[in-house]
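Asks: Next comes the structure file start-v9.cif, holding mmCIF, C-alpha atoms.
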```
data_run
loop_
_atom_site.label_atom_id
_atom_site.label_comp_id
_atom_site.auth_asym_id
_atom_site.auth_seq_id
_atom_site.Cartn_x
_atom_site.Cartn_y
_atom_site.Cartn_z
CA MET U 23 -14.91 55.15 32.03
CA GLN U 24 -13.97 52.82 29.22
CA THR U 25 -10.70 54.69 28.61
CA HIS U 26 -9.84 54.39 32.31
CA ARG U 27 -10.56 50.65 32.20
CA LYS U 28 -8.28 50.17 29.16
CA SER U 29 -5.51 52.14 30.84
CA ARG U 30 -5.84 50.01 33.98
CA ASN U 31 -5.70 46.79 31.95
CA LEU U 32 -2.62 48.07 30.11
CA ARG U 33 -0.81 48.72 33.37
CA ARG U 34 -1.90 45.32 34.60
CA TYR U 35 -0.29 43.51 31.66
CA ILE U 36 2.92 45.59 31.52
CA PRO U 37 4.97 42.78 33.19
CA LEU U 38 3.74 40.33 30.55
CA TYR U 39 4.58 42.73 27.74
CA MET U 40 8.06 43.19 29.20
CA MET U 41 8.54 39.41 29.17
CA THR U 42 8.05 39.43 25.41
CA ILE U 43 10.85 41.96 24.82
CA PRO U 44 13.74 39.41 24.66
CA GLY U 45 11.83 37.31 22.13
CA LEU U 46 10.93 40.34 20.03
CA VAL U 47 14.52 41.56 20.06
CA TYR U 48 15.69 38.12 18.97
CA LEU U 49 13.18 38.05 16.11
CA LEU U 50 14.21 41.54 15.03
CA ILE U 51 17.92 40.74 14.99
CA ASN U 52 17.74 37.17 13.68
CA ASN U 53 14.75 37.28 11.33
CA TYR U 54 14.01 40.81 10.18
CA LEU U 55 17.26 42.78 10.02
CA PRO U 56 18.91 40.16 7.73
CA MET U 57 16.10 40.81 5.22
CA LEU U 58 17.94 44.01 4.27
CA GLY U 59 20.50 41.71 2.69
CA LEU U 60 17.96 40.70 0.04
CA SER U 61 19.26 43.58 -2.02
CA ILE U 62 22.41 41.51 -2.66
CA ALA U 63 20.32 39.30 -4.96
CA PHE U 64 19.90 42.27 -7.31
CA LYS U 65 23.48 43.58 -7.22
CA ASP U 66 26.88 42.75 -8.65
CA MET U 67 28.49 42.33 -5.26
CA ASN U 68 31.81 44.16 -4.89
CA TYR U 69 33.38 43.80 -1.45
CA ALA U 70 35.43 46.97 -1.93
CA LEU U 71 32.26 49.02 -2.48
CA GLY U 72 30.09 47.19 0.04
CA VAL U 73 26.45 46.17 -0.27
CA TRP U 74 25.03 49.62 -0.87
CA GLY U 75 27.80 50.74 -3.18
CA SER U 76 27.73 47.72 -5.49
CA ASP U 77 26.16 48.07 -8.94
CA TRP U 78 22.48 47.26 -9.37
CA VAL U 79 22.03 44.50 -11.99
CA GLY U 80 18.31 43.75 -11.63
CA PHE U 81 17.40 40.12 -12.29
CA ARG U 82 20.69 39.14 -13.90
CA ASN U 83 21.69 37.01 -10.91
CA PHE U 84 18.52 34.96 -11.32
CA GLU U 85 19.52 33.97 -14.85
CA TYR U 86 22.11 31.68 -13.28
CA LEU U 87 19.32 29.34 -12.15
CA PHE U 88 17.18 29.38 -15.28
CA ARG U 89 19.50 29.73 -18.28
CA THR U 90 21.82 26.88 -17.41
CA SER U 91 21.42 23.47 -19.02
CA ASP U 92 21.08 21.95 -15.54
CA ALA U 93 18.04 24.08 -14.58
CA TYR U 94 15.56 21.34 -15.44
CA VAL U 95 17.52 18.63 -13.61
CA ILE U 96 18.00 20.53 -10.36
CA THR U 97 14.38 21.75 -10.31
CA ARG U 98 13.04 18.28 -11.08
CA ASN U 99 15.20 16.62 -8.42
CA THR U 100 14.35 19.24 -5.78
CA LEU U 101 10.59 18.95 -6.32
CA LEU U 102 10.36 15.17 -6.71
CA TYR U 103 12.62 14.37 -3.77
CA ASN U 104 10.76 16.74 -1.45
CA ALA U 105 7.38 15.44 -2.60
CA ALA U 106 8.51 11.89 -1.80
CA PHE U 107 9.99 13.03 1.52
CA ILE U 108 6.74 14.71 2.54
CA ALA U 109 4.46 11.82 1.58
CA LEU U 110 6.61 8.91 2.78
CA GLY U 111 8.23 10.70 5.71
CA LEU U 112 4.99 11.76 7.34
CA SER U 113 3.37 8.38 6.68
CA VAL U 114 6.24 6.44 8.26
CA ALA U 115 6.45 8.83 11.22
CA MET U 116 2.71 8.50 11.79
CA ALA U 117 2.89 4.70 11.68
CA ILE U 118 5.78 4.66 14.17
CA ALA U 119 3.90 7.03 16.48
CA ILE U 120 0.83 4.78 16.46
CA LEU U 121 3.03 1.76 17.16
CA LEU U 122 4.80 3.52 20.04
CA ASN U 123 1.46 4.56 21.47
CA GLU U 124 0.39 0.92 21.56
CA ILE U 125 3.68 0.05 23.26
CA ARG U 126 3.06 2.85 25.74
CA ASN U 127 -0.26 1.33 26.67
CA ARG U 128 1.39 -1.99 27.49
CA LEU U 129 4.83 -1.25 28.93
CA ALA U 130 6.21 0.48 31.99
CA HIS U 131 6.75 4.23 31.68
CA ARG U 132 10.53 4.14 32.19
CA PHE U 133 11.07 1.55 29.47
CA TYR U 134 8.73 3.49 27.23
CA GLN U 135 10.88 6.61 27.59
CA SER U 136 13.85 4.73 26.17
CA VAL U 137 11.69 3.38 23.34
CA ILE U 138 10.48 6.85 22.34
CA ILE U 139 14.03 8.26 22.19
CA LEU U 140 15.48 5.25 20.36
CA PRO U 141 14.30 6.03 16.79
CA HIS U 142 15.78 9.52 16.87
CA MET U 143 19.10 8.30 18.28
CA ILE U 144 19.32 5.54 15.68
CA SER U 145 18.58 8.02 12.87
CA ILE U 146 21.40 10.33 14.01
CA ILE U 147 23.87 7.46 14.28
CA LEU U 148 22.91 6.09 10.85
CA VAL U 149 23.29 9.36 8.96
CA SER U 150 26.48 10.35 10.76
CA TYR U 151 28.43 7.11 10.70
CA LEU U 152 26.86 4.23 8.86
CA VAL U 153 25.95 5.33 5.32
CA TYR U 154 29.49 5.11 4.00
CA ALA U 155 30.13 1.99 6.08
CA LEU U 156 27.22 0.35 4.26
CA LEU U 157 28.03 1.58 0.76
CA SER U 158 31.82 1.75 0.65
CA PRO U 159 32.98 -0.02 -2.55
CA GLU U 160 35.95 -1.64 -0.79
CA THR U 161 34.83 -2.31 2.78
CA GLY U 162 31.08 -1.65 2.75
CA PHE U 163 28.79 -4.09 4.53
CA LEU U 164 26.59 -4.49 1.47
CA ASN U 165 29.42 -5.31 -0.94
CA LYS U 166 31.34 -7.52 1.48
CA THR U 167 28.52 -9.38 3.19
CA VAL U 168 25.00 -8.94 1.86
CA LEU U 169 25.53 -9.05 -1.92
CA PRO U 170 27.88 -12.08 -1.86
CA MET U 171 25.29 -13.99 0.18
CA LEU U 172 22.74 -13.23 -2.54
CA GLY U 173 25.13 -14.16 -5.34
CA ILE U 174 25.29 -10.57 -6.65
CA GLU U 175 28.45 -8.87 -7.84
CA PRO U 176 29.67 -5.88 -5.78
CA ILE U 177 28.23 -2.53 -6.88
CA SER U 178 30.12 0.74 -7.18
CA TRP U 179 27.45 2.68 -5.31
CA TYR U 180 29.15 6.06 -5.72
CA LEU U 181 29.36 5.65 -9.48
CA GLU U 182 25.82 4.38 -10.17
CA PRO U 183 23.20 7.18 -10.10
CA ALA U 184 20.24 4.82 -10.63
CA TYR U 185 20.31 3.63 -7.00
CA TRP U 186 20.47 7.00 -5.32
CA PRO U 187 16.83 8.12 -5.47
CA TYR U 188 16.03 5.10 -3.30
CA ILE U 189 19.08 5.49 -1.06
CA LEU U 190 18.47 9.17 -0.37
CA THR U 191 14.78 8.64 0.27
CA LEU U 192 15.49 5.79 2.69
CA VAL U 193 18.18 7.77 4.54
CA HIS U 194 15.94 10.85 4.81
CA ILE U 195 13.02 8.86 6.18
CA TRP U 196 15.25 7.08 8.69
CA LYS U 197 16.86 10.35 9.73
CA GLY U 198 13.64 12.27 10.21
CA ALA U 199 11.22 9.60 11.39
CA GLY U 200 12.39 9.71 15.01
CA TYR U 201 11.78 13.44 15.39
CA SER U 202 8.52 13.56 13.43
CA CYS U 203 7.01 10.57 15.20
CA ILE U 204 7.43 12.34 18.56
CA ILE U 205 5.23 15.17 17.28
CA PHE U 206 2.57 12.73 16.13
CA LEU U 207 2.88 10.77 19.37
CA ALA U 208 2.25 13.90 21.44
CA ALA U 209 -0.93 14.49 19.42
CA ILE U 210 -2.07 10.88 19.86
CA ILE U 211 -1.46 10.95 23.62
CA GLY U 212 -3.66 14.05 23.82
CA ILE U 213 -6.67 12.21 22.43
CA ASP U 214 -9.34 11.60 25.08
CA ARG U 215 -9.26 7.91 26.05
CA GLU U 216 -13.05 7.88 26.35
CA TYR U 217 -13.28 7.71 22.55
CA TYR U 218 -11.38 4.43 22.54
CA GLU U 219 -13.35 3.06 25.48
CA ALA U 220 -16.62 3.79 23.69
CA ALA U 221 -15.27 2.18 20.51
CA LYS U 222 -14.30 -0.96 22.46
CA ILE U 223 -17.78 -1.20 23.91
CA ASP U 224 -19.19 -1.01 20.39
CA GLY U 225 -16.92 -3.88 19.36
CA ALA U 226 -14.45 -1.87 17.24
CA SER U 227 -11.19 -3.66 16.46
CA LYS U 228 -7.81 -1.99 16.96
CA TRP U 229 -7.56 -1.17 13.25
CA MET U 230 -11.05 0.34 13.27
CA GLN U 231 -10.08 2.49 16.27
CA ILE U 232 -6.99 3.75 14.45
CA ARG U 233 -8.91 4.45 11.24
CA SER U 234 -11.96 6.05 12.85
CA ILE U 235 -10.46 7.82 15.89
CA THR U 236 -6.67 8.20 15.79
CA LEU U 237 -6.20 9.28 12.18
CA PRO U 238 -9.06 11.84 12.12
CA MET U 239 -7.98 13.29 15.47
CA ILE U 240 -4.37 13.85 14.39
CA MET U 241 -5.37 15.22 10.99
CA PRO U 242 -4.86 18.89 12.05
CA ILE U 243 -1.23 18.26 13.07
CA THR U 244 -0.72 16.25 9.87
CA ILE U 245 -2.00 19.12 7.75
CA MET U 246 0.13 21.63 9.65
CA LEU U 247 3.32 19.59 9.16
CA THR U 248 2.46 19.09 5.49
CA LEU U 249 1.93 22.81 4.90
CA LEU U 250 5.19 23.67 6.65
CA ALA U 251 7.01 21.06 4.55
CA ILE U 252 5.43 22.42 1.35
CA GLY U 253 6.79 25.84 2.27
CA ARG U 254 10.30 24.39 2.04
CA ILE U 255 9.72 22.22 -1.00
CA PHE U 256 12.27 24.26 -2.99
CA TYR U 257 14.85 23.78 -0.26
CA SER U 258 16.86 20.62 0.29
CA ASP U 259 18.75 18.94 3.10
CA PHE U 260 22.22 20.07 2.05
CA GLY U 261 24.03 17.45 4.11
CA LEU U 262 21.89 14.68 2.67
CA PHE U 263 22.46 15.63 -0.97
CA TYR U 264 26.07 16.77 -0.68
CA GLN U 265 27.76 14.75 2.03
CA VAL U 266 25.96 11.42 1.84
CA PRO U 267 26.74 10.94 -1.91
CA MET U 268 30.29 12.17 -1.10
CA ASN U 269 29.92 14.93 -3.72
CA SER U 270 30.49 12.30 -6.41
CA GLY U 271 30.35 13.77 -9.92
CA PRO U 272 28.81 10.71 -11.64
CA LEU U 273 25.82 11.00 -9.29
CA TYR U 274 24.90 14.60 -10.12
CA GLU U 275 22.08 13.50 -12.42
CA THR U 276 20.10 12.14 -9.46
CA THR U 277 21.64 13.96 -6.47
CA ASN U 278 22.04 17.53 -7.73
CA VAL U 279 19.43 19.92 -6.28
CA ILE U 280 19.14 23.69 -6.12
CA ASP U 281 21.09 24.02 -2.86
CA THR U 282 24.05 21.87 -3.92
CA TYR U 283 24.12 23.44 -7.38
CA VAL U 284 24.27 26.95 -5.96
CA PHE U 285 26.92 25.92 -3.43
CA ARG U 286 29.14 24.46 -6.13
CA GLY U 287 28.62 27.57 -8.25
CA LEU U 288 29.51 29.76 -5.28
CA MET U 289 32.68 27.77 -4.62
CA GLN U 290 33.75 27.96 -8.27
CA LEU U 291 32.73 31.53 -9.13
CA GLY U 292 32.58 33.19 -5.71
CA ASP U 293 29.49 35.15 -6.77
CA VAL U 294 27.51 35.94 -3.62
CA GLY U 295 24.80 37.69 -5.65
CA MET U 296 23.82 34.46 -7.43
CA SER U 297 23.65 32.61 -4.13
CA ALA U 298 21.46 35.35 -2.62
CA ALA U 299 19.23 35.26 -5.69
CA ALA U 300 18.71 31.52 -5.29
CA GLY U 301 17.79 31.92 -1.61
CA PHE U 302 15.40 34.75 -2.43
CA TYR U 303 13.77 32.70 -5.20
CA GLN U 304 13.34 29.71 -2.89
CA SER U 305 11.79 31.86 -0.15
CA VAL U 306 9.30 33.55 -2.46
CA VAL U 307 8.19 30.27 -4.04
CA GLY U 308 7.89 28.67 -0.60
CA PHE U 309 5.77 31.56 0.68
CA VAL U 310 3.46 31.37 -2.34
CA LEU U 311 3.08 27.60 -1.96
CA VAL U 312 2.22 27.86 1.75
CA VAL U 313 -0.39 30.57 1.12
CA ALA U 314 -1.92 28.66 -1.79
CA SER U 315 -1.93 25.31 0.06
CA ASN U 316 -3.43 26.89 3.17
CA ALA U 317 -6.15 28.55 1.04
CA ILE U 318 -7.05 25.15 -0.43
CA VAL U 319 -7.16 23.53 3.03
CA ARG U 320 -9.22 26.43 4.34
CA LYS U 321 -11.84 25.88 1.64
CA ILE U 322 -12.03 22.17 2.40
CA ASP U 323 -11.85 22.35 6.19
CA LYS U 324 -11.55 25.78 7.79
CA ASP U 325 -10.59 24.40 11.22
CA SER U 326 -7.59 22.54 9.81
CA ALA U 327 -5.97 25.59 8.15
CA LEU U 328 -2.98 27.33 9.67
CA TYR U 329 -4.78 30.69 9.59
#
```
Let me see the file written as structure tokens.
Replies:
Amino acid sequence: MQTHRKSRNLRRYIPLYMMTIPGLVYLLINNYLPMLGLSIAFKDMNYALGVWGSDWVGFRNFEYLFRTSDAYVITRNTLLYNAAFIALGLSVAMAIAILLNEIRNRLAHRFYQSVIILPHMISIILVSYLVYALLSPETGFLNKTVLPMLGIEPISWYLEPAYWPYILTLVHIWKGAGYSCIIFLAAIIGIDREYYEAAKIDGASKWMQIRSITLPMIMPITIMLTLLAIGRIFYSDFGLFYQVPMNSGPLYETTNVIDTYVFRGLMQLGDVGMSAAAGFYQSVVGFVLVVASNAIVRKIDKDSALY
């Protein structure tokens, strides 16, 4: 009887299973089949022999990342920048989301829609067009307008590495705040309004409502975004670290990260194996960090963990 019931349920859900086939095929082709290429990280790639015919060299390709004199610099920059991006980026996005939610409660819906899209549009425009316009040594807005007003001599921004940790952090936050705040805003909108009504009756101020209701209620999405960001802490925004500083050599001390270093090495040496080794190393470290971070979160608050 039980076997017959299971068979009947299976036939009942066959249309739903068939609907998953396109997604499964996509995952297989896009996410799983390329994993066979991981073997390139352990081979001396020879295009004439192909992937399987190339010589096996073990971990020699990984020595490129660790035996160079720049290993400490690129690892330090990658970790510190991403740590700052995670902490400041999520904090700013959360603050903007709370602000937009307050605007939503007071303004018409149509105007609110334009307000919610505005931060993301501004971030795209800034990164794409305005960074060089602001920092250009000859025609930049800062050198031609702002600094003279303050009585400060023009600065050769693309020759001074000391300024770039702040510039890159600011640009990253501006670029990503619009997208991230929409995620937080969706979580805030989903909070039951009865919590706020009860808090108002009890005399809670707006700040007390944010601290006691909003922040605790969006903590699960905050933890999820943090864990996902930690998983990519050994990766970098290539466009941010390569294109925004204009690939300026004097800035390498503060702008060189694992991704840009491997790219430059690939362009100079043409060694695909070293590039594959770097990607494999980043993936493994990211996986370990996600598992470890999730285990810590799970011990503290089981409901907030990813799994």
Asks: Which residues, written as a list in words, have at least one atom at most 10 Å from Gly59 in chain U, with only C-alpha atoms counted and residues fewer than 4 positions away on the same chain left out?
Replies: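 Those residues are Tyr54, Leu55, Ala63, Val73, Trp74 and Ala298 of chain U.
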Asks: Between U:Leu156, U:Met230, U:Ile252, U:Val47, which residue has the minimum interatomic distance to Phe107 in chain U, considering only C-alpha atoms?
Replies: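 Of U:Leu156, U:Met230, U:Ile252, U:Val47, the one nearest Phe107 in chain U is U:Ile252, counting only C-alpha atoms.
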Asks: Just the number, please: distance in Å from CA of Val95 in chain U to CA of Tyr303 in chain U, one decimal.
Replies: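 That distance, rounded to one decimal, is 16.8 Å.
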Asks: Around (6.8, 20.8, -1.1) in the file's own coordinates, what residues are found within 7 Å if you use only C-alpha atoms, given back as a ChimeraX atom specification?
Replies: /U:101,104-105,251-256
Asks: Please evaluate the PyMOL selection byres ((chain U and resi 316) around 8) against the displayed coordinates and give the resulting residues as an mmCIF file with C-alpha atoms, in the coordinates of the input.
Replies:
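Written out: part_15.cif:
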```
data_model
loop_
_atom_site.group_PDB
_atom_site.id
_atom_site.type_symbol
_atom_site.label_atom_id
_atom_site.label_comp_id
_atom_site.auth_asym_id
_atom_site.auth_seq_id
_atom_site.Cartn_x
_atom_site.Cartn_y
_atom_site.Cartn_z
ATOM 1 C CA LEU U 249 1.930 22.810 4.900
ATOM 2 C CA VAL U 312 2.220 27.860 1.750
ATOM 3 C CA VAL U 313 -0.390 30.570 1.120
ATOM 4 C CA ALA U 314 -1.920 28.660 -1.790
ATOM 5 C CA SER U 315 -1.930 25.310 0.060
ATOM 6 C CA ALA U 317 -6.150 28.550 1.040
ATOM 7 C CA ILE U 318 -7.050 25.150 -0.430
ATOM 8 C CA VAL U 319 -7.160 23.530 3.030
ATOM 9 C CA ARG U 320 -9.220 26.430 4.340
ATOM 10 C CA ALA U 327 -5.970 25.590 8.150
ATOM 11 C CA LEU U 328 -2.980 27.330 9.670
ATOM 12 C CA TYR U 329 -4.780 30.690 9.590
#
```
Asks: Using the chain letters and numbers from the file, give me the residues hit by the PyMOL selection byres ((chain U and resi 280) around 8), as a ChimeraX atom specification.
Replies: /U:96-97,100,256-258,278-279,281-284,300
Asks: Suppose you want the space between CA of Ala115 in chain U and CA of Asp224 in chain U; what is it in Å?
Replies: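 So the answer is 29.0 Å.
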Asks: Just checking: using all atoms listed in the file, which residue out of U:Phe81, U:Leu311, U:Thr90, U:Met116 ends up closest to Cys203 in chain U?
Replies: U:Met116
Asks: List the spatial neighbours of Leu157 in chain U as a PDB file with C-alpha atoms, in the frame of the given file - criterion: any atom at most 12 Å away, only C-alpha atoms, same-chain residues fewer than 3 positions off excluded.
Replies:
```
ATOM      1  CA  TYR U 151      28.430   7.110  10.700  1.00  0.00           C
ATOM      2  CA  LEU U 152      26.860   4.230   8.860  1.00  0.00           C
ATOM      3  CA  VAL U 153      25.950   5.330   5.320  1.00  0.00           C
ATOM      4  CA  TYR U 154      29.490   5.110   4.000  1.00  0.00           C
ATOM      5  CA  GLU U 160      35.950  -1.640  -0.790  1.00  0.00           C
ATOM      6  CA  THR U 161      34.830  -2.310   2.780  1.00  0.00           C
ATOM      7  CA  GLY U 162      31.080  -1.650   2.750  1.00  0.00           C
ATOM      8  CA  PHE U 163      28.790  -4.090   4.530  1.00  0.00           C
ATOM      9  CA  LEU U 164      26.590  -4.490   1.470  1.00  0.00           C
ATOM     10  CA  ASN U 165      29.420  -5.310  -0.940  1.00  0.00           C
ATOM     11  CA  LYS U 166      31.340  -7.520   1.480  1.00  0.00           C
ATOM     12  CA  THR U 167      28.520  -9.380   3.190  1.00  0.00           C
ATOM     13  CA  VAL U 168      25.000  -8.940   1.860  1.00  0.00           C
ATOM     14  CA  LEU U 169      25.530  -9.050  -1.920  1.00  0.00           C
ATOM     15  CA  PRO U 176      29.670  -5.880  -5.780  1.00  0.00           C
ATOM     16  CA  ILE U 177      28.230  -2.530  -6.880  1.00  0.00           C
ATOM     17  CA  SER U 178      30.120   0.740  -7.180  1.00  0.00           C
ATOM     18  CA  TRP U 179      27.450   2.680  -5.310  1.00  0.00           C
ATOM     19  CA  TYR U 180      29.150   6.060  -5.720  1.00  0.00           C
ATOM     20  CA  LEU U 181      29.360   5.650  -9.480  1.00  0.00           C
ATOM     21  CA  GLU U 182      25.820   4.380 -10.170  1.00  0.00           C
ATOM     22  CA  TYR U 185      20.310   3.630  -7.000  1.00  0.00           C
ATOM     23  CA  TRP U 186      20.470   7.000  -5.320  1.00  0.00           C
ATOM     24  CA  ILE U 189      19.080   5.490  -1.060  1.00  0.00           C
ATOM     25  CA  VAL U 266      25.960  11.420   1.840  1.00  0.00           C
ATOM     26  CA  PRO U 267      26.740  10.940  -1.910  1.00  0.00           C
ATOM     27  CA  MET U 268      30.290  12.170  -1.100  1.00  0.00           C
TER      28      MET U 268
END
```
Asks: If you measure from CA of Asp92 in chain U to CA of Tyr264 in chain U, what distance in Å do you get, rounded to one decimal?
Replies: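 Calculated distance between CA of Asp92 in chain U and CA of Tyr264 in chain U is 16.5 Å.
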Asks: Using all atoms listed in the file, pick whichever of U:Leu112, U:Leu50, U:Ile43, U:Val306 has the shortest atom-to-atom distance to Tyr201 in chain U.
Replies: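 Going through U:Leu112, U:Leu50, U:Ile43, U:Val306 one by one, the smallest distance to Tyr201 in chain U is for U:Leu112.
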Asks: Evaluate the PyMOL selection byres ((chain U and resi 192) around 12) and record the selected residues as a ChimeraX atom specification, following the chain and residue labels used in the document.
Replies: /U:103,106-107,110-111,114,145,148-149,153,185-191,193-199,262,266
Asks: Could those selected residues go to a file with C-alpha atoms, as a CSV table (one decimal), in the frame of the given file?
Replies:
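As written to disk, result-v5.csv reads:
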```csv
chain,number,residue,atom,x,y,z
U,103,TYR,CA,12.6,14.4,-3.8
U,106,ALA,CA,8.5,11.9,-1.8
U,107,PHE,CA,10.0,13.0,1.5
U,110,LEU,CA,6.6,8.9,2.8
U,111,GLY,CA,8.2,10.7,5.7
U,114,VAL,CA,6.2,6.4,8.3
U,145,SER,CA,18.6,8.0,12.9
U,148,LEU,CA,22.9,6.1,10.8
U,149,VAL,CA,23.3,9.4,9.0
U,153,VAL,CA,26.0,5.3,5.3
U,185,TYR,CA,20.3,3.6,-7.0
U,186,TRP,CA,20.5,7.0,-5.3
U,187,PRO,CA,16.8,8.1,-5.5
U,188,TYR,CA,16.0,5.1,-3.3
U,189,ILE,CA,19.1,5.5,-1.1
U,190,LEU,CA,18.5,9.2,-0.4
U,191,THR,CA,14.8,8.6,0.3
U,193,VAL,CA,18.2,7.8,4.5
U,194,HIS,CA,15.9,10.8,4.8
U,195,ILE,CA,13.0,8.9,6.2
U,196,TRP,CA,15.2,7.1,8.7
U,197,LYS,CA,16.9,10.4,9.7
U,198,GLY,CA,13.6,12.3,10.2
U,199,ALA,CA,11.2,9.6,11.4
U,262,LEU,CA,21.9,14.7,2.7
U,266,VAL,CA,26.0,11.4,1.8
```
Asks: My list of candidates is U:Ile120, U:Gly200, U:Phe285, U:Phe263. Which is closest to Ile235 in chain U when distances are computed with all atoms listed in the file?
Replies: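 Checking each of U:Ile120, U:Gly200, U:Phe285, U:Phe263 against Ile235 in chain U, counting all atoms listed in the file, the winner is U:Ile120.
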Asks: Emit a file covering range 167-230 of chain U of the preceding structure with C-alpha atoms, as an mmCIF file, in the first residue's frame.
Replies:
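File produced: out.cif:
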```cif
data_model
loop_
_atom_site.group_PDB
_atom_site.id
_atom_site.type_symbol
_atom_site.label_atom_id
_atom_site.label_comp_id
_atom_site.auth_asym_id
_atom_site.auth_seq_id
_atom_site.Cartn_x
_atom_site.Cartn_y
_atom_site.Cartn_z
ATOM 1 C CA THR U 167 38.328 73.112 -8.231
ATOM 2 C CA VAL U 168 38.254 71.580 -4.759
ATOM 3 C CA LEU U 169 41.931 71.678 -3.740
ATOM 4 C CA PRO U 170 42.552 75.263 -4.943
ATOM 5 C CA MET U 171 39.544 76.412 -2.894
ATOM 6 C CA LEU U 172 41.141 74.808 0.164
ATOM 7 C CA GLY U 173 44.563 76.273 -0.596
ATOM 8 C CA ILE U 174 46.090 72.836 -1.275
ATOM 9 C CA GLU U 175 48.517 72.097 -4.087
ATOM 10 C CA PRO U 176 47.298 69.697 -6.818
ATOM 11 C CA ILE U 177 48.014 66.029 -6.104
ATOM 12 C CA SER U 178 49.248 63.453 -8.602
ATOM 13 C CA TRP U 179 46.653 60.899 -7.538
ATOM 14 C CA TYR U 180 47.920 58.161 -9.857
ATOM 15 C CA LEU U 181 51.444 58.436 -8.472
ATOM 16 C CA GLU U 182 50.640 58.574 -4.744
ATOM 17 C CA PRO U 183 49.793 55.124 -3.284
ATOM 18 C CA ALA U 184 48.981 56.478 0.202
ATOM 19 C CA TYR U 185 45.575 57.800 -0.904
ATOM 20 C CA TRP U 186 44.326 54.705 -2.672
ATOM 21 C CA PRO U 187 43.168 52.552 0.248
ATOM 22 C CA TYR U 188 40.644 55.297 1.002
ATOM 23 C CA ILE U 189 39.758 55.934 -2.647
ATOM 24 C CA LEU U 190 39.167 52.270 -3.452
ATOM 25 C CA THR U 191 37.136 51.708 -0.306
ATOM 26 C CA LEU U 192 34.964 54.747 -1.028
ATOM 27 C CA VAL U 193 34.424 53.744 -4.670
ATOM 28 C CA HIS U 194 33.553 50.157 -3.706
ATOM 29 C CA ILE U 195 31.034 51.255 -1.097
ATOM 30 C CA TRP U 196 29.435 53.728 -3.492
ATOM 31 C CA LYS U 197 29.327 51.134 -6.255
ATOM 32 C CA GLY U 198 27.807 48.371 -4.175
ATOM 33 C CA ALA U 199 25.602 50.254 -1.732
ATOM 34 C CA GLY U 200 22.717 50.658 -4.180
ATOM 35 C CA TYR U 201 22.413 46.935 -4.879
ATOM 36 C CA SER U 202 22.982 45.766 -1.301
ATOM 37 C CA CYS U 203 20.560 48.248 0.212
ATOM 38 C CA ILE U 204 17.751 46.843 -1.956
ATOM 39 C CA ILE U 205 18.303 43.429 -0.361
ATOM 40 C CA PHE U 206 18.178 44.917 3.119
ATOM 41 C CA LEU U 207 15.168 47.028 2.177
ATOM 42 C CA ALA U 208 13.245 43.952 1.025
ATOM 43 C CA ALA U 209 13.946 42.349 4.409
ATOM 44 C CA ILE U 210 12.844 45.475 6.291
ATOM 45 C CA ILE U 211 9.616 45.766 4.294
ATOM 46 C CA GLY U 212 8.822 42.164 5.245
ATOM 47 C CA ILE U 213 8.826 42.964 8.955
ATOM 48 C CA ASP U 214 5.324 42.877 10.457
ATOM 49 C CA ARG U 215 4.186 46.463 11.082
ATOM 50 C CA GLU U 216 2.473 45.380 14.301
ATOM 51 C CA TYR U 217 5.875 45.296 16.011
ATOM 52 C CA TYR U 218 6.363 48.988 15.305
ATOM 53 C CA GLU U 219 2.806 49.849 16.301
ATOM 54 C CA ALA U 220 3.268 48.101 19.637
ATOM 55 C CA ALA U 221 6.595 49.892 20.139
ATOM 56 C CA LYS U 222 4.938 53.263 19.463
ATOM 57 C CA ILE U 223 2.259 52.523 22.025
ATOM 58 C CA ASP U 224 4.986 51.766 24.556
ATOM 59 C CA GLY U 225 6.591 55.129 23.793
ATOM 60 C CA ALA U 226 9.625 53.852 21.861
ATOM 61 C CA SER U 227 11.453 56.481 19.825
ATOM 62 C CA LYS U 228 12.393 55.922 16.188
ATOM 63 C CA TRP U 229 15.972 55.035 17.151
ATOM 64 C CA MET U 230 14.738 52.563 19.760
#
```
